[in-house]
Amino acid sequence: MIRRLFLCILLLPVLSMTRSRAQEAPFVALDDPIVPFLQRMLLEGMAPEAIPDQGPFSLSGAHHWLMDSGSGSGWQLETAQRIKDRLPALATGQEAVTTMLRVGGRLATQDRRDLLRWQDADQLSWQPMLQSTTWLTSGAWTAALGVRIDRYYEVDPDGLDTAHRWLSRAENAYLARDGRHVGFFVGRAARHWGEPGQTALMISENPRPMDHVAFRVGADRIQVRSMLAELDSFTGDGRATGTAGSDSVRSGSIRRFLAAHRLSFRIGPRWQAGLSHATVYSGPSSSWSLKFLNPFNVALWEVDNRPKNDENNGMVGAFVHFRSDRMRGRAEILLDDVDILNNKEPASIAAHASLERRDVAPQLNVAVHATLVSARTYNAEQAAGRYLYLDRGIAVQHSDHVDFGAAVEWLRWPGWIIRPGVDVRVQGQQDMRLPLPNTDDAPFLLDGVTETTVRPYLSIRGLMARGLDVDLDAGWNRISDLGHELGASKSAFTASISATWRLTGHRALP
């Protein structure tokens with residue numbers, strides 16, 4: 001019996017090859033302008049079996065979903081056609097080369113992309129961008145060469161400068177194979193374990209695309225997803241520089257890695273639930289680790305067990321997703337640290353919930369969301385254990401805050417989403433990039449003088465003719481206790497406008 005079980009485990013990847021189908025690669029980049037429209041189409045009734053919380057979307061999945069939009073409203077039918085016109089073609093059963101080029105730029109009142117977090121700037125920020133991606137597909141195999149040139153690499157106020165030659169670096173560059181039950185990926189890309197455009201507490205698109213190995217076991221009903229990523233090294237005295245230069249030579253270098261795992265399963269046609277855990281592990285000689293690559297060495301009880309060859313910071317989470325004919329909701333909770341033994345250390349948790357409902361009135365949808373991140377979450381006693389990559393949060397960018405907001409979406413014209421809304425952020429003085437405070441000095445949430453920002457805004461997204469995509473976001477930030485100073489306040493206009501144009505090509509190989 002044991003021999004048969006062992007043989008089945010060995011043959012599982014081989015069996016998957018005989019029933020392979022392209023599922024996840026090539027994929028639609030998370031920052032592609034069509035992603036918000038795909039998300040909206042799913043709420044409008046397209047592909048009722050899909051629960052899109054494992055970004056990025058696959059091209060094959062997007063093509064398949066759009067085939068289900070034939071009985072929708074006028075907005076849905078015309079919008080689906082505009083998305084199809086932008087999606088590269090896919091070859092079935094043959095080798096092919098597909099290329100997509102996106103070029104454009106962003107003009108904004110500040111360098112920071114998060115307009116709810118105001119940045120003092122004395123001039124407009126201009127951020128040109130060029131993204132080129134070429135896929136070579138053969139059956140279930142995909143090889144992708146992706147290059148991005150972006151001025152945002154240089155001016156991002158929250159992250160390290162990541163490109164020193166022509167502001168360019170490889171992005172969406174990978175080799176992948178996706179079978180029915182087993183998938184494999186190695187390369188550089190961004191992932192998002194949550195609803196597109198919403199907060200994700202374990203893995204999000206907030207950091208730069210990371211170099212990682214990933215694999216999937218299982219199909220739609222139950223599956224395990226894992227990734228092992230190489231992060232940026234810290235100097236021996238706890239500084240993030242992004243380069244192994246003279247500072248590292250003098251003080252030593254600490255290598256850092258991220259292992260993240262996710263188990264998800266369907267509960268009937270409307271519900272999905274799952275568990276996740278992740279560990280940032282580090283040390284002068286840290287490397288690829290079988291201990292942390294194992295998805296069932298759960299961080300909750302494994303990070304401090306022997307053998308302990310690396311310093312580590314582990315966290316666990318759980319999520320649930322609901323979808324009905326006119327509503328979609330998601331809730332997620334993350335536990336970074338809880339002092340079980342002596343009950344003296346403040347808990348470190350994060351939580352997020354969102355709810356969307358369509359057709360509250362003709363052509364009108366509503367959406368609400370809320371996020372809480374406690375003061376110590378994503379931080380660690382060792383600087384190298386912070387949940388950061390190139391100084392950007394692997395999940396969220398800041399800790400010690402509460403966010404909530406509401407919006408209305410008006411789907412009046414096909415290919416357009418008009419979204420007025422209001423967002424609120426209450427920010428405490430703790431930050432995951434600062435030294436971890438003493439337990440006696442650290443409250444659970446909203447440490448010190450809190451800064452409050454209220455931002456009513458209007459967002460307009462459009463898929464225009466001939467491959468032109470536009471995105472406008474304009475709002476008014478009302479900030480109380482600015483800079484955590486009592487009585488300081490400011491009102492500021494914050495806005496950005498982005499425009500990109502794309503060109504796609506496809507050629508089947510003989």
# chains A, B, ... in the order shown; residues from 1 in each chain; ligands from 1
>>> residues_around(residues="A:Arg102", least_positions_apart="5", cutoff="9 Å", atoms="only C-alpha atoms", output="number ranges by chain")
A: 129-133, 500-504
>>> write_last_selection(atoms="N, CA and C atoms", output="PDB file, in the first residue's frame")
ATOM      1  N   MET A 129       6.669  55.625 -19.289  1.00  0.00           N
ATOM      2  CA  MET A 129       6.781  54.180 -19.110  1.00  0.00           C
ATOM      3  C   MET A 129       6.733  53.467 -20.452  1.00  0.00           C
ATOM      4  N   LEU A 130       7.510  52.403 -20.577  1.00  0.00           N
ATOM      5  CA  LEU A 130       7.436  51.504 -21.735  1.00  0.00           C
ATOM      6  C   LEU A 130       7.558  50.078 -21.230  1.00  0.00           C
ATOM      7  N   GLN A 131       6.622  49.234 -21.627  1.00  0.00           N
ATOM      8  CA  GLN A 131       6.625  47.818 -21.228  1.00  0.00           C
ATOM      9  C   GLN A 131       6.550  46.965 -22.484  1.00  0.00           C
ATOM     10  N   SER A 132       7.521  46.067 -22.644  1.00  0.00           N
ATOM     11  CA  SER A 132       7.538  45.142 -23.775  1.00  0.00           C
ATOM     12  C   SER A 132       7.545  43.720 -23.238  1.00  0.00           C
ATOM     13  N   THR A 133       6.642  42.885 -23.739  1.00  0.00           N
ATOM     14  CA  THR A 133       6.578  41.481 -23.312  1.00  0.00           C
ATOM     15  C   THR A 133       6.406  40.602 -24.552  1.00  0.00           C
ATOM     16  N   THR A 500      -1.993  55.165 -21.732  1.00  0.00           N
ATOM     17  CA  THR A 500      -1.092  54.190 -22.353  1.00  0.00           C
ATOM     18  C   THR A 500      -1.701  53.710 -23.664  1.00  0.00           C
ATOM     19  N   TRP A 501      -0.835  53.380 -24.571  1.00  0.00           N
ATOM     20  CA  TRP A 501      -1.259  52.842 -25.874  1.00  0.00           C
ATOM     21  C   TRP A 501      -0.536  51.526 -26.074  1.00  0.00           C
ATOM     22  N   ARG A 502      -1.231  50.557 -26.656  1.00  0.00           N
ATOM     23  CA  ARG A 502      -0.643  49.230 -26.822  1.00  0.00           C
ATOM     24  C   ARG A 502      -0.713  48.763 -28.265  1.00  0.00           C
ATOM     25  N   LEU A 503       0.214  47.876 -28.575  1.00  0.00           N
ATOM     26  CA  LEU A 503       0.279  47.229 -29.885  1.00  0.00           C
ATOM     27  C   LEU A 503       0.574  45.758 -29.643  1.00  0.00           C
ATOM     28  N   THR A 504      -0.188  44.887 -30.263  1.00  0.00           N
ATOM     29  CA  THR A 504       0.010  43.439 -30.074  1.00  0.00           C
ATOM     30  C   THR A 504       0.231  42.771 -31.429  1.00  0.00           C
TER      31      THR A 504
END
>>> residues_around(residues="A:Ala351", least_positions_apart="3", cutoff="9 Å", atoms="only C-alpha atoms", output="list in words")
Leu201, Ala331, Glu332, Ile333, Leu334, Leu335, Ala370, Thr371, Leu372 and Val373 of chain A
>>> select_by_dssp(residues="stretch 57-281 of chain A", states="alpha helix (DSSP H)", output="number ranges by chain")
A: 59-66, 74-86, 152-155, 246-251
>>> residues_around(residues="A:Gln223", least_positions_apart="5", cutoff="12 Å", atoms="only C-alpha atoms", output="ChimeraX atom specification")
/A:54,180-183,215-218,261-266,272-276,295
>>> write_last_selection(atoms="N, CA and C atoms", output="short mmCIF file (atom, residue, chain, number, x, y, z; two decimals), in the first residue's frame")
data_model
loop_
_atom_site.label_atom_id
_atom_site.label_comp_id
_atom_site.auth_asym_id
_atom_site.auth_seq_id
_atom_site.Cartn_x
_atom_site.Cartn_y
_atom_site.Cartn_z
N GLN A 54 -6.45 35.27 -6.99
CA GLN A 54 -5.13 34.67 -7.13
C GLN A 54 -4.44 35.28 -8.34
N ARG A 180 -2.91 20.41 -15.64
CA ARG A 180 -4.23 20.44 -15.02
C ARG A 180 -4.15 20.40 -13.49
N HIS A 181 -3.22 19.61 -12.97
CA HIS A 181 -3.12 19.44 -11.53
C HIS A 181 -1.83 19.99 -10.94
N VAL A 182 -0.82 20.23 -11.77
CA VAL A 182 0.46 20.72 -11.27
C VAL A 182 0.94 21.84 -12.17
N GLY A 183 1.40 22.93 -11.57
CA GLY A 183 1.96 24.05 -12.31
C GLY A 183 3.28 24.47 -11.70
N PHE A 215 4.94 27.11 -7.35
CA PHE A 215 4.31 25.91 -7.87
C PHE A 215 2.89 25.81 -7.33
N ARG A 216 2.07 25.08 -8.07
CA ARG A 216 0.67 24.85 -7.72
C ARG A 216 0.40 23.37 -7.81
N VAL A 217 -0.31 22.84 -6.82
CA VAL A 217 -0.78 21.46 -6.84
C VAL A 217 -2.27 21.48 -6.58
N GLY A 218 -3.05 20.88 -7.47
CA GLY A 218 -4.49 20.87 -7.34
C GLY A 218 -5.16 21.63 -8.46
N HIS A 261 2.78 30.42 1.34
CA HIS A 261 1.97 29.27 0.94
C HIS A 261 0.49 29.60 1.15
N ARG A 262 -0.34 28.97 0.33
CA ARG A 262 -1.77 29.27 0.36
C ARG A 262 -2.56 28.01 0.01
N LEU A 263 -3.44 27.60 0.92
CA LEU A 263 -4.35 26.48 0.69
C LEU A 263 -5.75 27.05 0.53
N SER A 264 -6.39 26.77 -0.60
CA SER A 264 -7.75 27.27 -0.84
C SER A 264 -8.65 26.14 -1.28
N PHE A 265 -9.92 26.24 -0.93
CA PHE A 265 -10.88 25.21 -1.30
C PHE A 265 -12.27 25.84 -1.43
N ARG A 266 -13.03 25.28 -2.34
CA ARG A 266 -14.40 25.75 -2.58
C ARG A 266 -15.37 25.06 -1.63
N GLN A 272 -15.68 30.36 -1.13
CA GLN A 272 -14.32 29.86 -1.15
C GLN A 272 -13.66 30.29 0.16
N ALA A 273 -12.85 29.41 0.72
CA ALA A 273 -12.14 29.72 1.96
C ALA A 273 -10.72 29.20 1.85
N GLY A 274 -9.87 29.67 2.75
CA GLY A 274 -8.50 29.21 2.67
C GLY A 274 -7.65 29.66 3.84
N LEU A 275 -6.47 29.10 3.92
CA LEU A 275 -5.47 29.42 4.92
C LEU A 275 -4.18 29.78 4.21
N SER A 276 -3.40 30.65 4.83
CA SER A 276 -2.13 31.05 4.22
C SER A 276 -1.10 31.28 5.32
N PRO A 295 5.12 23.50 2.10
CA PRO A 295 3.93 24.28 2.42
C PRO A 295 3.24 23.86 3.71
#
>>> select_by_dssp(residues="stretch 240-378 of chain A", states="strand (DSSP E or B)", output="VMD selection string")
chain A and resid 240 253 to 267 271 to 283 311 to 323 327 to 337 348 to 361 364 to 373
>>> closest_residue(among="A:Val213, A:Leu434, A:Val402, A:Ile83", to="A:Gly238", atoms="only C-alpha atoms")
A:Leu434
>>> closest_atom_pairs(of="stretch 47-158 of chain A", to="stretch 352-364 of chain A", cutoff="12 Å", atoms="only C-alpha atoms", output="Markdown table")
| residue | atom | partner | partner_atom | distance |
| --- | --- | --- | --- | --- |
| A:Ser73 | CA | A:Gln363 | CA | 9.7 |
| A:Gly74 | CA | A:Gln363 | CA | 10.5 |
| A:Trp75 | CA | A:Gln363 | CA | 8.8 |
| A:Gln76 | CA | A:Gln363 | CA | 10.8 |
